[in-house]
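Shown next: model.cif, given as mmCIF, C-alpha atoms and all ligand atoms.
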```
data_data
#
loop_
_atom_site.label_atom_id
_atom_site.label_comp_id
_atom_site.auth_asym_id
_atom_site.auth_seq_id
_atom_site.Cartn_x
_atom_site.Cartn_y
_atom_site.Cartn_z
CA MET A 1 10.03 93.14 7.44
CA LYS A 2 12.10 95.85 9.06
CA ILE A 3 15.21 95.46 11.23
CA VAL A 4 16.02 98.14 13.79
CA ARG A 5 19.18 98.31 15.89
CA THR A 6 18.42 101.02 18.45
CA ILE A 7 15.81 101.65 21.13
CA ALA A 8 14.95 104.99 19.48
CA ASP A 9 14.33 103.34 16.09
CA ALA A 10 12.20 100.60 17.67
CA ARG A 11 10.03 103.22 19.36
CA ASP A 12 9.75 105.20 16.09
CA ALA A 13 8.75 102.10 14.12
CA LEU A 14 5.98 101.18 16.57
CA ARG A 15 4.56 104.63 17.28
CA GLY A 16 2.48 104.69 14.09
CA PRO A 17 0.79 101.29 14.40
CA ARG A 18 0.17 101.78 18.11
CA GLY A 19 -1.46 105.16 17.45
CA LEU A 20 -3.77 103.47 14.96
CA GLY A 21 -4.86 101.04 17.66
CA LYS A 22 -3.09 98.04 16.13
CA THR A 23 -2.33 95.17 18.51
CA ILE A 24 1.32 94.26 19.01
CA GLY A 25 2.45 90.69 19.65
CA PHE A 26 6.01 90.30 20.93
CA VAL A 27 8.46 87.39 21.04
CA PRO A 28 11.70 88.08 22.94
CA THR A 29 14.58 85.83 21.86
CA MET A 30 18.34 85.53 22.04
CA GLY A 31 18.45 84.70 18.33
CA SER A 32 19.81 81.58 16.67
CA LEU A 33 16.18 81.02 15.78
CA HIS A 34 14.75 77.53 15.35
CA GLU A 35 11.29 75.99 15.02
CA GLY A 36 10.63 76.59 18.73
CA HIS A 37 10.99 80.35 18.27
CA LEU A 38 9.08 80.22 14.99
CA SER A 39 6.12 78.53 16.69
CA LEU A 40 5.90 81.54 19.03
CA LEU A 41 6.17 83.98 16.12
CA ARG A 42 3.50 82.16 14.10
CA ARG A 43 1.18 82.22 17.07
CA ALA A 44 1.85 85.96 17.47
CA ARG A 45 1.14 86.38 13.73
CA GLU A 46 -2.26 84.67 14.07
CA GLU A 47 -3.32 86.76 17.04
CA ASN A 48 -1.99 90.30 16.38
CA ASP A 49 -1.83 93.09 13.81
CA VAL A 50 1.90 93.65 14.28
CA VAL A 51 4.52 91.03 15.20
CA VAL A 52 7.79 92.07 16.84
CA ALA A 53 10.74 89.77 17.61
CA SER A 54 13.71 90.90 19.63
CA VAL A 55 17.10 89.29 19.04
CA PHE A 56 19.45 90.11 21.88
CA VAL A 57 22.00 87.88 23.60
CA ASN A 58 21.52 89.40 27.02
CA PRO A 59 24.93 89.61 28.72
CA ILE A 60 23.57 90.12 32.24
CA GLN A 61 21.77 86.77 32.36
CA PHE A 62 24.88 84.69 31.65
CA ASP A 63 26.64 83.29 34.68
CA ASP A 64 29.35 81.75 32.49
CA PRO A 65 31.34 84.15 30.25
CA ASN A 66 32.36 81.25 27.99
CA ASP A 67 28.72 80.35 27.43
CA PHE A 68 28.03 84.00 26.54
CA ARG A 69 30.93 84.10 24.09
CA ALA A 70 30.03 80.75 22.52
CA TYR A 71 26.33 81.59 22.17
CA PRO A 72 25.57 81.41 18.41
CA ARG A 73 24.83 84.74 16.70
CA ASP A 74 23.81 85.40 13.07
CA LEU A 75 21.37 88.25 12.63
CA ALA A 76 21.06 87.86 8.84
CA VAL A 77 19.92 84.23 9.17
CA ASP A 78 17.65 85.09 12.11
CA ALA A 79 16.04 87.87 10.08
CA GLU A 80 15.25 85.42 7.26
CA PHE A 81 13.71 82.96 9.72
CA ALA A 82 11.72 85.67 11.45
CA ALA A 83 10.42 86.98 8.12
CA SER A 84 9.36 83.47 7.10
CA ALA A 85 7.12 83.32 10.19
CA GLY A 86 5.44 86.62 9.33
CA THR A 87 7.40 88.93 11.64
CA ASP A 88 7.01 92.65 10.87
CA LEU A 89 9.84 94.07 12.97
CA VAL A 90 13.08 92.63 14.35
CA PHE A 91 14.62 94.64 17.17
CA SER A 92 18.26 93.72 17.74
CA PRO A 93 19.92 96.29 19.99
CA GLU A 94 23.56 96.63 20.99
CA ALA A 95 24.40 95.86 24.62
CA SER A 96 25.64 99.45 25.01
CA ASP A 97 22.14 100.74 24.12
CA MET A 98 20.43 98.35 26.54
CA TYR A 99 23.02 98.79 29.32
CA PRO A 100 24.55 102.26 29.08
CA ASP A 101 27.25 103.32 31.55
CA GLY A 102 25.75 103.75 34.99
CA PHE A 103 23.00 101.18 34.48
CA PHE A 104 22.00 100.54 38.11
CA THR A 105 18.40 99.29 37.97
CA THR A 106 17.41 95.62 38.14
CA VAL A 107 14.23 93.61 38.65
CA THR A 108 14.33 90.55 40.92
CA VAL A 109 11.43 88.15 41.33
CA ARG A 110 12.48 86.72 44.69
CA GLU A 111 11.87 83.10 45.71
CA LEU A 112 11.02 81.88 42.21
CA SER A 113 14.49 82.96 41.03
CA GLU A 114 16.38 81.07 43.70
CA THR A 115 15.45 77.46 42.94
CA LEU A 116 16.22 75.05 40.04
CA GLU A 117 18.05 77.10 37.33
CA GLY A 118 18.61 79.86 39.89
CA ALA A 119 20.23 77.44 42.33
CA VAL A 120 22.69 76.19 39.68
CA ARG A 121 23.32 79.41 37.74
CA GLY A 122 22.86 81.78 40.69
CA PRO A 123 19.84 84.01 41.34
CA GLY A 124 21.51 86.71 39.22
CA HIS A 125 20.53 84.72 36.13
CA PHE A 126 16.82 85.41 36.54
CA THR A 127 17.45 88.98 37.68
CA GLY A 128 19.15 89.38 34.29
CA VAL A 129 16.16 87.80 32.55
CA ALA A 130 13.51 89.82 34.43
CA THR A 131 15.44 93.05 33.94
CA VAL A 132 15.86 92.63 30.19
CA VAL A 133 12.25 91.49 29.71
CA ALA A 134 11.00 94.50 31.71
CA LYS A 135 13.11 96.83 29.58
CA LEU A 136 12.00 95.17 26.32
CA PHE A 137 8.35 95.44 27.42
CA ASN A 138 8.86 99.17 28.04
CA ILE A 139 10.43 99.63 24.61
CA VAL A 140 8.00 97.51 22.56
CA GLN A 141 4.89 97.99 24.75
CA PRO A 142 3.25 94.85 23.41
CA ASN A 143 -0.36 93.83 24.03
CA VAL A 144 0.69 90.17 24.20
CA ALA A 145 4.08 88.49 24.72
CA TYR A 146 4.75 84.84 23.93
CA PHE A 147 7.06 82.63 25.99
CA GLY A 148 7.96 78.95 25.61
CA GLN A 149 7.11 76.35 28.21
CA LYS A 150 10.62 75.03 27.41
CA ASP A 151 11.87 77.59 29.93
CA ALA A 152 9.13 76.88 32.47
CA GLN A 153 10.77 78.72 35.35
CA GLN A 154 11.43 81.78 33.17
CA LEU A 155 7.79 81.80 32.08
CA LEU A 156 6.62 81.67 35.69
CA ILE A 157 9.00 84.47 36.69
CA VAL A 158 7.89 86.71 33.82
CA ARG A 159 4.24 86.09 34.70
CA ARG A 160 4.89 86.95 38.34
CA MET A 161 6.81 90.11 37.39
CA VAL A 162 3.95 91.21 35.12
CA ARG A 163 1.43 90.59 37.89
CA ASP A 164 3.48 92.15 40.69
CA LEU A 165 4.49 95.28 38.75
CA ALA A 166 1.20 95.61 36.79
CA PHE A 167 2.74 95.54 33.32
CA PRO A 168 -0.11 96.06 30.81
CA VAL A 169 0.75 92.94 28.80
CA ARG A 170 -0.80 89.48 28.52
CA ILE A 171 1.64 86.58 28.73
CA GLU A 172 0.87 83.60 26.51
CA PRO A 173 2.65 80.29 27.20
CA CYS A 174 3.50 78.13 24.17
CA PRO A 175 4.20 74.37 24.12
CA ILE A 176 7.71 72.89 23.79
CA VAL A 177 8.70 72.19 20.18
CA ARG A 178 10.84 69.06 19.77
CA GLU A 179 13.01 67.43 17.11
CA PRO A 180 11.37 64.36 15.56
CA ASP A 181 13.31 62.14 18.00
CA GLY A 182 12.08 64.10 21.03
CA LEU A 183 15.03 66.40 21.80
CA ALA A 184 13.65 69.79 22.86
CA MET A 185 14.78 72.39 20.33
CA SER A 186 17.40 74.76 21.69
CA SER A 187 19.93 77.17 20.25
CA ARG A 188 22.55 75.21 22.20
CA ASN A 189 21.80 71.93 20.38
CA VAL A 190 24.14 72.91 17.51
CA ARG A 191 27.00 72.71 20.00
CA LEU A 192 26.37 69.02 20.68
CA ALA A 193 29.14 66.85 19.23
CA PRO A 194 27.75 64.16 16.87
CA ALA A 195 28.81 61.48 19.35
CA ASP A 196 26.85 63.19 22.13
CA ARG A 197 23.69 63.83 20.13
CA PRO A 198 22.06 60.44 20.95
CA ARG A 199 22.82 60.97 24.66
CA ALA A 200 20.92 64.25 24.55
CA LEU A 201 17.74 62.18 24.23
CA ALA A 202 18.21 61.22 27.89
CA LEU A 203 16.20 64.18 29.16
CA LYS A 204 13.04 63.46 27.15
CA ALA A 205 13.39 59.74 27.90
CA ALA A 206 13.57 60.52 31.62
CA LEU A 207 10.47 62.74 31.43
CA ASP A 208 8.62 59.96 29.60
CA ALA A 209 9.74 57.35 32.14
CA ALA A 210 8.39 59.55 34.93
CA GLN A 211 5.02 59.96 33.22
CA THR A 212 4.90 56.20 32.63
CA ALA A 213 5.46 55.65 36.36
CA VAL A 214 2.62 58.08 37.14
CA ASP A 215 0.37 56.32 34.61
CA ALA A 216 1.13 53.03 36.42
CA GLY A 217 -0.11 54.57 39.67
CA GLU A 218 3.08 55.92 41.26
CA ARG A 219 2.35 59.05 43.31
CA ASN A 220 5.47 59.38 45.48
CA ALA A 221 7.71 62.19 44.26
CA ASP A 222 10.97 60.50 45.27
CA ALA A 223 10.00 57.27 43.52
CA ILE A 224 9.13 59.24 40.38
CA THR A 225 12.40 61.20 40.30
CA VAL A 226 14.37 58.00 41.02
CA ARG A 227 12.74 56.52 37.92
CA ALA A 228 13.70 59.58 35.87
CA LYS A 229 17.29 59.62 37.14
CA ALA A 230 17.66 55.90 36.40
CA LYS A 231 16.66 56.62 32.81
CA LEU A 232 19.24 59.44 32.60
CA ALA A 233 21.86 57.03 33.95
CA GLU A 234 21.02 54.53 31.17
CA PHE A 235 22.22 57.22 28.76
CA GLY A 236 25.27 57.95 30.90
CA VAL A 237 23.89 61.36 31.82
CA ASP A 238 23.99 62.91 35.30
CA ALA A 239 21.36 65.48 36.23
CA GLU A 240 22.32 68.87 37.65
CA TYR A 241 18.80 68.70 39.00
CA CYS A 242 15.82 66.48 38.40
CA ALA A 243 13.01 67.86 40.53
CA LEU A 244 9.29 67.38 40.89
CA VAL A 245 7.80 70.74 41.85
CA ASP A 246 4.50 72.55 42.03
CA PRO A 247 3.91 74.06 38.57
CA ASP A 248 2.56 77.29 40.10
CA ASP A 249 5.21 78.16 42.70
CA LEU A 250 8.08 75.68 42.11
CA GLU A 251 7.84 74.37 45.69
CA PRO A 252 9.13 70.78 45.97
CA MET A 253 6.35 68.17 46.04
CA THR A 254 6.39 64.98 48.04
CA ARG A 255 3.31 63.49 46.35
CA ILE A 256 1.64 64.14 43.05
CA ASP A 257 -2.13 64.38 43.37
CA ASP A 258 -3.08 66.13 40.19
CA ARG A 259 -0.25 67.71 38.22
CA ALA A 260 3.40 68.41 38.85
CA LEU A 261 6.28 69.95 36.92
CA LEU A 262 9.24 67.65 36.40
CA ALA A 263 12.22 69.85 35.54
CA ILE A 264 15.59 68.47 34.45
CA ALA A 265 18.94 70.09 33.71
CA ALA A 266 21.96 68.09 32.61
CA ARG A 267 25.25 68.55 30.85
CA VAL A 268 25.77 66.38 27.81
CA GLY A 269 29.35 66.55 26.58
CA GLY A 270 29.78 70.02 28.05
CA VAL A 271 26.53 71.40 26.63
CA ARG A 272 23.98 72.36 29.23
CA LEU A 273 20.46 71.20 28.35
CA ILE A 274 17.15 71.74 30.12
CA ASP A 275 13.78 70.10 29.58
CA ASN A 276 10.56 69.67 31.51
CA ALA A 277 7.09 68.20 31.42
CA ILE A 278 3.87 68.61 33.32
CA LEU A 279 3.10 65.16 34.73
CA GLU A 280 -0.58 64.44 35.13
CA THR A 281 -2.35 61.79 37.16
CA SER A 282 -5.55 62.07 35.16
CA ARG A 283 -3.97 61.58 31.73
CA ASN A 284 -6.01 59.32 29.49
CA THR A 285 -3.63 56.41 28.86
CA ARG A 286 -6.19 54.09 27.19
P1 LIG B 301 15.78 81.95 23.84
O1 LIG B 301 16.15 82.50 22.51
O2 LIG B 301 16.38 80.62 24.13
O3 LIG B 301 15.92 82.94 24.95
O4 LIG B 301 14.22 81.64 23.75
C1 LIG B 301 13.30 82.64 23.36
C2 LIG B 301 11.91 82.12 23.58
O5 LIG B 301 11.70 80.94 22.81
C3 LIG B 301 11.65 81.72 25.04
O6 LIG B 301 10.33 82.10 25.40
C4 LIG B 301 11.81 80.23 25.00
O7 LIG B 301 11.08 79.56 26.01
C5 LIG B 301 11.24 79.91 23.64
N1 LIG B 301 11.75 78.61 23.18
C6 LIG B 301 13.03 78.22 23.07
N2 LIG B 301 13.09 76.92 22.69
C7 LIG B 301 11.81 76.50 22.55
C8 LIG B 301 11.22 75.27 22.19
N3 LIG B 301 11.94 74.19 21.88
N4 LIG B 301 9.87 75.19 22.17
C9 LIG B 301 9.11 76.28 22.48
N5 LIG B 301 9.61 77.47 22.83
C10 LIG B 301 10.95 77.58 22.86
#
```
Rewrite the structure from the file as structure tokens, please.
Ligand code: AMP
Amino acid sequence: MKIVRTIADARDALRGPRGLGKTIGFVPTMGSLHEGHLSLLRRAREENDVVVASVFVNPIQFDDPNDFRAYPRDLAVDAEFAASAGTDLVFSPEASDMYPDGFFTTVTVRELSETLEGAVRGPGHFTGVATVVAKLFNIVQPNVAYFGQKDAQQLLIVRRMVRDLAFPVRIEPCPIVREPDGLAMSSRNVRLAPADRPRALALKAALDAAQTAVDAGERNADAITVRAKAKLAEFGVDAEYCALVDPDDLEPMTRIDDRALLAIAARVGGVRLIDNAILETSRNTR
């Protein structure tokens, strides 16, 4: 596995394989790799000739400078993890290479960027995400890029950007990978104090409570989110949002007829966690 630190070196490393017609699978990450990231890389390994991971803590998507500073970084460990999943190339650029002086161009996927995470963190968050993903796509020029359903809104925004701007890349969604107790894996989980760790289970418990309500016949969106929020409260956790929305356009739903996305964000002991689930009315509950 090779590690490159500049845009020029990334382009050089991929020119050969691309010229030979090899397919390139790409997994953009902010590092601090865990099993969630590795599941994307393994999937890329199965489906492509060349697997590229980027490791870049993207400054322009952070609304909170403290969160940016505290974001865990260890390229040597990430490289070992990436190699273990069959990655061929790790691209980890410096911010000065990605955002040189006079960087004036951004990509904004309107509407989808303004709700949920965008409403809490500001729409600039997803402009930062879309801009860096667009730039990474132009550098790596992958055939396929893999994104986790963990960041459901991000996935939707990237898909819309690719469609709207005709990027020649296929976007593959990948399921949420969880700890054995249900906590969705996240690079931020290491910042949870031991005393807060059990409370972090509130989000998954709330998603499960909502699906249980749907299984029991509940179809009213307010009733479903009330059920989820009550479960969060049992853990002493307050949601920043807990919203039942259309999985395709994130519009709020009043009734669930078929499927709906329940998205939750909450702070647990100062650590901001997000989780989500697609609730389904037709699930086989036996
Ligand atoms: P991040 O490093 O947090 O920006 O995440 C990089 C990619 O990994 C994104 O596509 C995330 O959605 C995905 N990812 C992060 N955590 C998980 C998880 N627990 N399960 C599946 N994918 C994940």
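Atom CA of A:Val158 to atom CA of A:Lys229 spans 28.9 Å [interatomic distance, one decimal].
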- request: Please work out which residues fall within 6 Å of (14.5, 67.8, 30.6), coordinates as given in the file, with all atoms listed in the file counting, and return them as a PyMOL selection string.
  value: chain A and resi 203-204+263-265+274-276
Report as JSON the centre and the edge lengths, in Å to one decimal, of the axis-aligned box holding every listed atom of stretch 273-285 of chain A, padded by 3 Å on each side.
```
{"center_x": 7.2, "center_y": 64.1, "center_z": 32.8, "size_x": 32.5, "size_y": 21.3, "size_z": 14.8}
```
Point (3.4, 85.2, 35.5), cut-off 12 Å, counting all atoms listed in the file, residues as a ChimeraX atom specification: /A:109,112,130,145-147,152-167,169-173,247-249
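Take the candidates A:Arg69, A:Arg18, A:Arg43, A:Arg283 and check each one against ligand LIG 301 (chain B) using all atoms listed in the file; the shortest distance goes to A:Arg43.
Taking atom CA of A:Thr29 and atom CA of A:Val90 as the two end points, the separation is 10.2 Å.
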- request: Around ligand LIG 301 (chain B), at most 8 Å away and counting all atoms listed in the file, which residues are there? Put them as a PyMOL selection string, please.
  value: chain A and resi 27-37+39-40+55+57+146-152+154-155+174-178+184-187
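For the pair atom CA of A:Asp97 and atom CA of A:Gly21, the interatomic distance is 27.8 Å.
Among the candidates A:Leu183, A:Ile139, A:Val245, A:Ile3, the residue lying nearest to A:Asp78 is A:Ile3 (atoms considered: all atoms listed in the file).
Of the residues listed (A:Leu201, A:Phe103, A:Glu111, A:Thr6), A:Leu201 shows the shortest atom-to-atom separation from A:Asn189; distances use only C-alpha atoms.
Using only C-alpha atoms for every distance, the candidate list A:Thr23, A:Leu75, A:Phe126, A:Lys135 yields A:Lys135 as the residue closest to A:Ile7.
Distances from A:Gly118, A:Asp258, A:Val129, A:Leu14 to A:Phe26 were compared using all atoms listed in the file, and the smallest one belongs to A:Leu14.
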- request: Check the smallest atom-to-atom distance from each of A:Met253, A:Val140, A:Ile224, A:Leu116 to A:Ser54 using all atoms listed in the file, then report the winner.
  value: A:Val140
